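> The structure's right below; bear with me while I get my questions together.
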Amino acid sequence: MGTPAIYNLDHLGVVAGIIDDIDLVSLVDEHVGDDRPDGLSTGLVVKAMLLNSLGMVSAPLYLFSQFFEGKATEHLLGEGIHPAMLNDDRLGRALDRLWQWGLNDLFMRVALHAVKHYGVEVSRVHLDSTSMAVEGAYRSALADAPAASASTIRICHGYSRDHRPDLKQFMMNLISTGDHGIPLMLSMADGNQVDSQVLGELMTRFAQQWTFDGIHVADAALYRADNLEPLGSLQWVTRVPLRLAAASALLDEIHPSSFVPSRVVRTLR
């Protein structure tokens with residue numbers, strides 16, 4: 001009898017179990033195609049990247065395989081899969097393939113499947129955006145940069161939520177469930193995106209993909225005629241911006257004693 005091998009698993013077994021429970025690998029391979037010239041499908045590479053990203057480490061892609069050294073890689077990813085197979089070339093090919101087939105659509109498909117699988121209540125959703133600052137010189141930010149495809153975002157200067165106007169950025173739009181903040185729809189956008197020009201379109205796209213008759217909650221950027229008119233029968237809640245004269249005048253007319261302190265009411269099920 002040989003000497004037993006001991007590998008480190010930590011919390012990654014739980015993460016891998018959830019990934020397997022929602023059948024993420026098959027969902028990805030069904031979307032982008034089950035192409036595995038080296039024995040690794042794109043879905044398996046995505047699973048490996050998720051394990052790495054939730055492994056509480058940060059390292060360049062060329063060091064990716066080192067993350068799995070000393071870990072139970074075959075137990076986590078499948079028999080015959082070893083750390084050396086998860087090199088930066090394989091990750092790069094998987095990322096290219098995912099981008100080619102569309103990450104936003106894939107994200108929504110996975111989210112829809114997970115919500116149905118776990119029976120997540122979706123009676124209201126929240127829509128918002130945030131900026132993600134980056135460092136470095138990005139060709140897309142230059143005036144003489146070649147024209148990008150419709151699916152390519154432009155990394156450039158814009159309104160920074162991080163209070164770093166010196167850095168270029170891109171925008172991330174997210175729709176999540178109201179109760180637990182589970183992401184349902186994700187889309188990346190140019191760094192100079194103006195929220196008031198896109199929130200209505202995002203809500204419409206979401207309604208086309210999801211069978212949802214609940215309430216959409218968004219900030220004051222939604223309150224524009226060209227945003228609200230296309231929403232039709234969709235239910236929404238937002239704050240009327242005080243830059244509108246009528247809203248400002250109404251607020252001045254209300255006596256402070258008319259305001260009631262807000263409170264949170266939770267219903268136990």
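By order in the structure tokens, chains are A, B, ...; within a chain, residues start at 1; ligands start at 1, following the order shown.
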Enumerate, in order of chain and increasing residue number, the residues of region 35-119 of chain A with an atom no farther than 10 Å from region 5-10 of chain A, each with its shortest atom pair and distance in Å to one decimal, counting only C-alpha atoms, as JSON lines.


{"residue": "A:Gly55", "atom": "CA", "partner": "A:Asp10", "partner_atom": "CA", "distance": 8.9}
{"residue": "A:Phe68", "atom": "CA", "partner": "A:Asn8", "partner_atom": "CA", "distance": 9.3}
{"residue": "A:Glu69", "atom": "CA", "partner": "A:Tyr7", "partner_atom": "CA", "distance": 9.0}
{"residue": "A:Gly70", "atom": "CA", "partner": "A:Tyr7", "partner_atom": "CA", "distance": 5.6}
{"residue": "A:Lys71", "atom": "CA", "partner": "A:Asn8", "partner_atom": "CA", "distance": 4.7}
{"residue": "A:Ala72", "atom": "CA", "partner": "A:Tyr7", "partner_atom": "CA", "distance": 5.3}
{"residue": "A:Thr73", "atom": "CA", "partner": "A:Tyr7", "partner_atom": "CA", "distance": 8.7}
{"residue": "A:His75", "atom": "CA", "partner": "A:Leu9", "partner_atom": "CA", "distance": 9.1}
{"residue": "A:Leu76", "atom": "CA", "partner": "A:Leu9", "partner_atom": "CA", "distance": 8.6}

> Find the residues near Arg97 (chain A): any atom within 12 Å, counting only C-alpha atoms, skip ones fewer than 2 places away on the same chain, and give them as a VMD selection string.

chain A and resid 28 to 29 31 to 36 41 to 43 45 to 46 90 to 95 99 to 103 106

> Using DSSP on the backbone coordinates, identify all residues within region 95-230 of chain A classified as alpha helix (DSSP H); present the result as an MDAnalysis selection string.

chainID A and resid 95:101 103:118 199:209 225:228

> Put those residues in a file: N, CA and C atoms, as an mmCIF file, in the first residue's frame.


data_model
loop_
_atom_site.group_PDB
_atom_site.id
_atom_site.type_symbol
_atom_site.label_atom_id
_atom_site.label_comp_id
_atom_site.auth_asym_id
_atom_site.auth_seq_id
_atom_site.Cartn_x
_atom_site.Cartn_y
_atom_site.Cartn_z
ATOM 1 N N LEU A 95 -10.985 32.828 -22.472
ATOM 2 C CA LEU A 95 -11.500 34.193 -22.359
ATOM 3 C C LEU A 95 -11.876 34.756 -23.727
ATOM 4 N N ASP A 96 -11.059 34.471 -24.735
ATOM 5 C CA ASP A 96 -11.386 34.920 -26.094
ATOM 6 C C ASP A 96 -12.690 34.293 -26.573
ATOM 7 N N ARG A 97 -12.856 33.023 -26.273
ATOM 8 C CA ARG A 97 -14.063 32.316 -26.714
ATOM 9 C C ARG A 97 -15.306 32.867 -26.006
ATOM 10 N N LEU A 98 -15.176 33.151 -24.726
ATOM 11 C CA LEU A 98 -16.298 33.711 -23.977
ATOM 12 C C LEU A 98 -16.684 35.080 -24.526
ATOM 13 N N TRP A 99 -15.686 35.904 -24.810
ATOM 14 C CA TRP A 99 -15.971 37.236 -25.349
ATOM 15 C C TRP A 99 -16.633 37.128 -26.719
ATOM 16 N N GLN A 100 -16.162 36.192 -27.524
ATOM 17 C CA GLN A 100 -16.712 36.023 -28.865
ATOM 18 C C GLN A 100 -18.198 35.670 -28.819
ATOM 19 N N TRP A 101 -18.590 34.849 -27.859
ATOM 20 C CA TRP A 101 -19.972 34.391 -27.789
ATOM 21 C C TRP A 101 -20.868 35.312 -26.972
ATOM 22 N N LEU A 103 -20.506 37.668 -23.199
ATOM 23 C CA LEU A 103 -20.505 37.434 -21.753
ATOM 24 C C LEU A 103 -21.808 37.868 -21.094
ATOM 25 N N ASN A 104 -22.382 38.970 -21.561
ATOM 26 C CA ASN A 104 -23.608 39.461 -20.930
ATOM 27 C C ASN A 104 -24.736 38.443 -21.043
ATOM 28 N N ASP A 105 -24.885 37.869 -22.226
ATOM 29 C CA ASP A 105 -25.940 36.879 -22.443
ATOM 30 C C ASP A 105 -25.683 35.623 -21.620
ATOM 31 N N LEU A 106 -24.426 35.194 -21.570
ATOM 32 C CA LEU A 106 -24.081 34.007 -20.790
ATOM 33 C C LEU A 106 -24.344 34.238 -19.307
ATOM 34 N N PHE A 107 -23.964 35.407 -18.810
ATOM 35 C CA PHE A 107 -24.182 35.720 -17.398
ATOM 36 C C PHE A 107 -25.669 35.634 -17.058
ATOM 37 N N MET A 108 -26.511 36.183 -17.926
ATOM 38 C CA MET A 108 -27.942 36.178 -17.646
ATOM 39 C C MET A 108 -28.509 34.762 -17.682
ATOM 40 N N ARG A 109 -28.025 33.941 -18.589
ATOM 41 C CA ARG A 109 -28.502 32.556 -18.658
ATOM 42 C C ARG A 109 -28.154 31.793 -17.385
ATOM 43 N N VAL A 110 -26.933 31.982 -16.913
ATOM 44 C CA VAL A 110 -26.507 31.300 -15.686
ATOM 45 C C VAL A 110 -27.324 31.799 -14.497
ATOM 46 N N ALA A 111 -27.527 33.121 -14.420
ATOM 47 C CA ALA A 111 -28.294 33.691 -13.313
ATOM 48 C C ALA A 111 -29.729 33.180 -13.318
ATOM 49 N N LEU A 112 -30.343 33.135 -14.485
ATOM 50 C CA LEU A 112 -31.723 32.654 -14.594
ATOM 51 C C LEU A 112 -31.825 31.201 -14.142
ATOM 52 N N HIS A 113 -30.863 30.398 -14.560
ATOM 53 C CA HIS A 113 -30.867 28.985 -14.169
ATOM 54 C C HIS A 113 -30.692 28.840 -12.657
ATOM 55 N N ALA A 114 -29.774 29.615 -12.071
ATOM 56 C CA ALA A 114 -29.519 29.518 -10.635
ATOM 57 C C ALA A 114 -30.725 29.972 -9.821
ATOM 58 N N VAL A 115 -31.382 31.043 -10.269
ATOM 59 C CA VAL A 115 -32.565 31.545 -9.562
ATOM 60 C C VAL A 115 -33.672 30.495 -9.558
ATOM 61 N N LYS A 116 -33.878 29.852 -10.694
ATOM 62 C CA LYS A 116 -34.903 28.806 -10.771
ATOM 63 C C LYS A 116 -34.507 27.594 -9.927
ATOM 64 N N HIS A 117 -33.229 27.242 -9.964
ATOM 65 C CA HIS A 117 -32.760 26.052 -9.252
ATOM 66 C C HIS A 117 -32.932 26.197 -7.743
ATOM 67 N N TYR A 118 -32.610 27.384 -7.218
ATOM 68 C CA TYR A 118 -32.673 27.590 -5.772
ATOM 69 C C TYR A 118 -33.975 28.251 -5.320
ATOM 70 N N LEU A 199 -30.377 53.743 -18.443
ATOM 71 C CA LEU A 199 -31.099 52.930 -17.461
ATOM 72 C C LEU A 199 -32.416 52.392 -18.011
ATOM 73 N N GLY A 200 -33.134 53.204 -18.753
ATOM 74 C CA GLY A 200 -34.394 52.739 -19.328
ATOM 75 C C GLY A 200 -34.189 51.589 -20.292
ATOM 76 N N GLU A 201 -33.157 51.685 -21.120
ATOM 77 C CA GLU A 201 -32.848 50.613 -22.072
ATOM 78 C C GLU A 201 -32.478 49.327 -21.343
ATOM 79 N N LEU A 202 -31.709 49.443 -20.253
ATOM 80 C CA LEU A 202 -31.319 48.261 -19.489
ATOM 81 C C LEU A 202 -32.540 47.567 -18.890
ATOM 82 N N MET A 203 -33.478 48.346 -18.364
ATOM 83 C CA MET A 203 -34.688 47.758 -17.803
ATOM 84 C C MET A 203 -35.503 47.051 -18.874
ATOM 85 N N THR A 204 -35.579 47.640 -20.062
ATOM 86 C CA THR A 204 -36.327 47.029 -21.157
ATOM 87 C C THR A 204 -35.683 45.716 -21.585
ATOM 88 N N ARG A 205 -34.353 45.704 -21.707
ATOM 89 C CA ARG A 205 -33.643 44.481 -22.070
ATOM 90 C C ARG A 205 -33.852 43.394 -21.026
ATOM 91 N N PHE A 206 -33.828 43.793 -19.762
ATOM 92 C CA PHE A 206 -34.030 42.828 -18.681
ATOM 93 C C PHE A 206 -35.427 42.215 -18.767
ATOM 94 N N ALA A 207 -36.427 43.044 -19.020
ATOM 95 C CA ALA A 207 -37.809 42.556 -19.097
ATOM 96 C C ALA A 207 -38.001 41.607 -20.272
ATOM 97 N N GLN A 208 -37.217 41.785 -21.336
ATOM 98 C CA GLN A 208 -37.324 40.907 -22.499
ATOM 99 C C GLN A 208 -36.739 39.523 -22.218
ATOM 100 N N GLN A 209 -35.784 39.448 -21.304
ATOM 101 C CA GLN A 209 -35.108 38.185 -21.006
ATOM 102 C C GLN A 209 -35.759 37.431 -19.848
ATOM 103 N N ALA A 225 -38.025 61.531 -19.457
ATOM 104 C CA ALA A 225 -39.125 61.133 -20.338
ATOM 105 C C ALA A 225 -38.702 60.050 -21.318
ATOM 106 N N ASP A 226 -37.501 60.186 -21.907
ATOM 107 C CA ASP A 226 -37.070 59.196 -22.898
ATOM 108 C C ASP A 226 -36.712 57.860 -22.258
ATOM 109 N N ASN A 227 -36.549 57.827 -20.932
ATOM 110 C CA ASN A 227 -36.357 56.562 -20.224
ATOM 111 C C ASN A 227 -37.694 55.924 -19.867
ATOM 112 N N LEU A 228 -38.615 56.725 -19.370
ATOM 113 C CA LEU A 228 -39.850 56.194 -18.796
ATOM 114 C C LEU A 228 -40.889 55.816 -19.843
#

> Please list as a list in words every residue within 12 Å of Gly78 (chain A), counting only C-alpha atoms and excluding residues in the same chain fewer than 3 positions away.

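Answer for this query is Ala16, Asp20, Val25, Gly39, Leu40, Ser41, Leu44, Val45, Lys47, Ala48, Ala72, Thr73, Glu74, His75, Ile81, His82 and Pro83 of chain A.
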
> So that I can check the secondary structure, give me every residue of region 218-258 of chain A assigned strand (DSSP E) by backbone DSSP, as JSON, numbers by chain.

{"A": [218, 235, 236, 237]}

> Near Leu127 (chain A), within 9 Å and counting only C-alpha atoms, which residues show up once chain neighbours fewer than 3 positions away are dropped, as a list in words?

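Close residues of Leu127 (chain A): Asn173, Leu174, Ile175, Ser176, Leu199, Leu202, Met203, His216, Val217, Ala218 and Asp219 of chain A.
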
> Output C-alpha atoms of each residue in that selection to a file, as a tab-separated table (two decimals), in the first residue's frame.


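Ended up saving to part_14.tsv:
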chain	number	residue	atom	x	y	z
A	173	ASN	CA	-24.31	48.03	-14.90
A	174	LEU	CA	-25.95	45.53	-12.58
A	175	ILE	CA	-29.49	44.40	-11.84
A	176	SER	CA	-29.81	42.37	-8.63
A	199	LEU	CA	-31.10	52.93	-17.46
A	202	LEU	CA	-31.32	48.26	-19.49
A	203	MET	CA	-34.69	47.76	-17.80
A	216	HIS	CA	-37.75	47.87	-10.63
A	217	VAL	CA	-35.93	50.17	-8.19
A	218	ALA	CA	-33.49	52.70	-9.63
A	219	ASP	CA	-31.94	56.02	-8.67

> Skip Gly178 (chain A) itself and residues of its chain fewer than 6 positions away, then list as a PyMOL selection string all residues within 10 Å of it, counting only C-alpha atoms.

chain A and resi 121-127+215-217

> Once you have the residues from the selection above, write them out as a PDB file, in the first residue's frame, restricted to N, CA and C atoms.


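Saved file out_8.pdb follows:
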ATOM      1  N   GLU A 121     -36.597  34.257  -4.579  1.00  0.00           N
ATOM      2  CA  GLU A 121     -37.733  35.152  -4.790  1.00  0.00           C
ATOM      3  C   GLU A 121     -37.276  36.413  -5.514  1.00  0.00           C
ATOM      4  N   VAL A 122     -37.975  36.761  -6.564  1.00  0.00           N
ATOM      5  CA  VAL A 122     -37.637  37.958  -7.334  1.00  0.00           C
ATOM      6  C   VAL A 122     -38.905  38.805  -7.461  1.00  0.00           C
ATOM      7  N   SER A 123     -39.258  39.476  -6.366  1.00  0.00           N
ATOM      8  CA  SER A 123     -40.432  40.342  -6.392  1.00  0.00           C
ATOM      9  C   SER A 123     -40.059  41.787  -6.702  1.00  0.00           C
ATOM     10  N   ARG A 124     -38.797  42.122  -6.486  1.00  0.00           N
ATOM     11  CA  ARG A 124     -38.306  43.443  -6.875  1.00  0.00           C
ATOM     12  C   ARG A 124     -36.821  43.327  -7.202  1.00  0.00           C
ATOM     13  N   VAL A 125     -36.375  44.182  -8.092  1.00  0.00           N
ATOM     14  CA  VAL A 125     -34.971  44.179  -8.492  1.00  0.00           C
ATOM     15  C   VAL A 125     -34.431  45.601  -8.400  1.00  0.00           C
ATOM     16  N   HIS A 126     -33.135  45.698  -8.186  1.00  0.00           N
ATOM     17  CA  HIS A 126     -32.476  46.998  -8.072  1.00  0.00           C
ATOM     18  C   HIS A 126     -31.492  47.165  -9.226  1.00  0.00           C
ATOM     19  N   LEU A 127     -31.535  48.323  -9.832  1.00  0.00           N
ATOM     20  CA  LEU A 127     -30.670  48.637 -10.970  1.00  0.00           C
ATOM     21  C   LEU A 127     -29.756  49.797 -10.609  1.00  0.00           C
ATOM     22  N   ILE A 215     -41.238  44.911  -9.190  1.00  0.00           N
ATOM     23  CA  ILE A 215     -40.918  46.339  -9.185  1.00  0.00           C
ATOM     24  C   ILE A 215     -39.430  46.542  -9.455  1.00  0.00           C
ATOM     25  N   HIS A 216     -39.129  47.465 -10.354  1.00  0.00           N
ATOM     26  CA  HIS A 216     -37.750  47.869 -10.625  1.00  0.00           C
ATOM     27  C   HIS A 216     -37.432  49.099  -9.780  1.00  0.00           C
ATOM     28  N   VAL A 217     -36.351  49.045  -9.025  1.00  0.00           N
ATOM     29  CA  VAL A 217     -35.933  50.171  -8.189  1.00  0.00           C
ATOM     30  C   VAL A 217     -34.653  50.752  -8.777  1.00  0.00           C
TER      31      VAL A 217
END
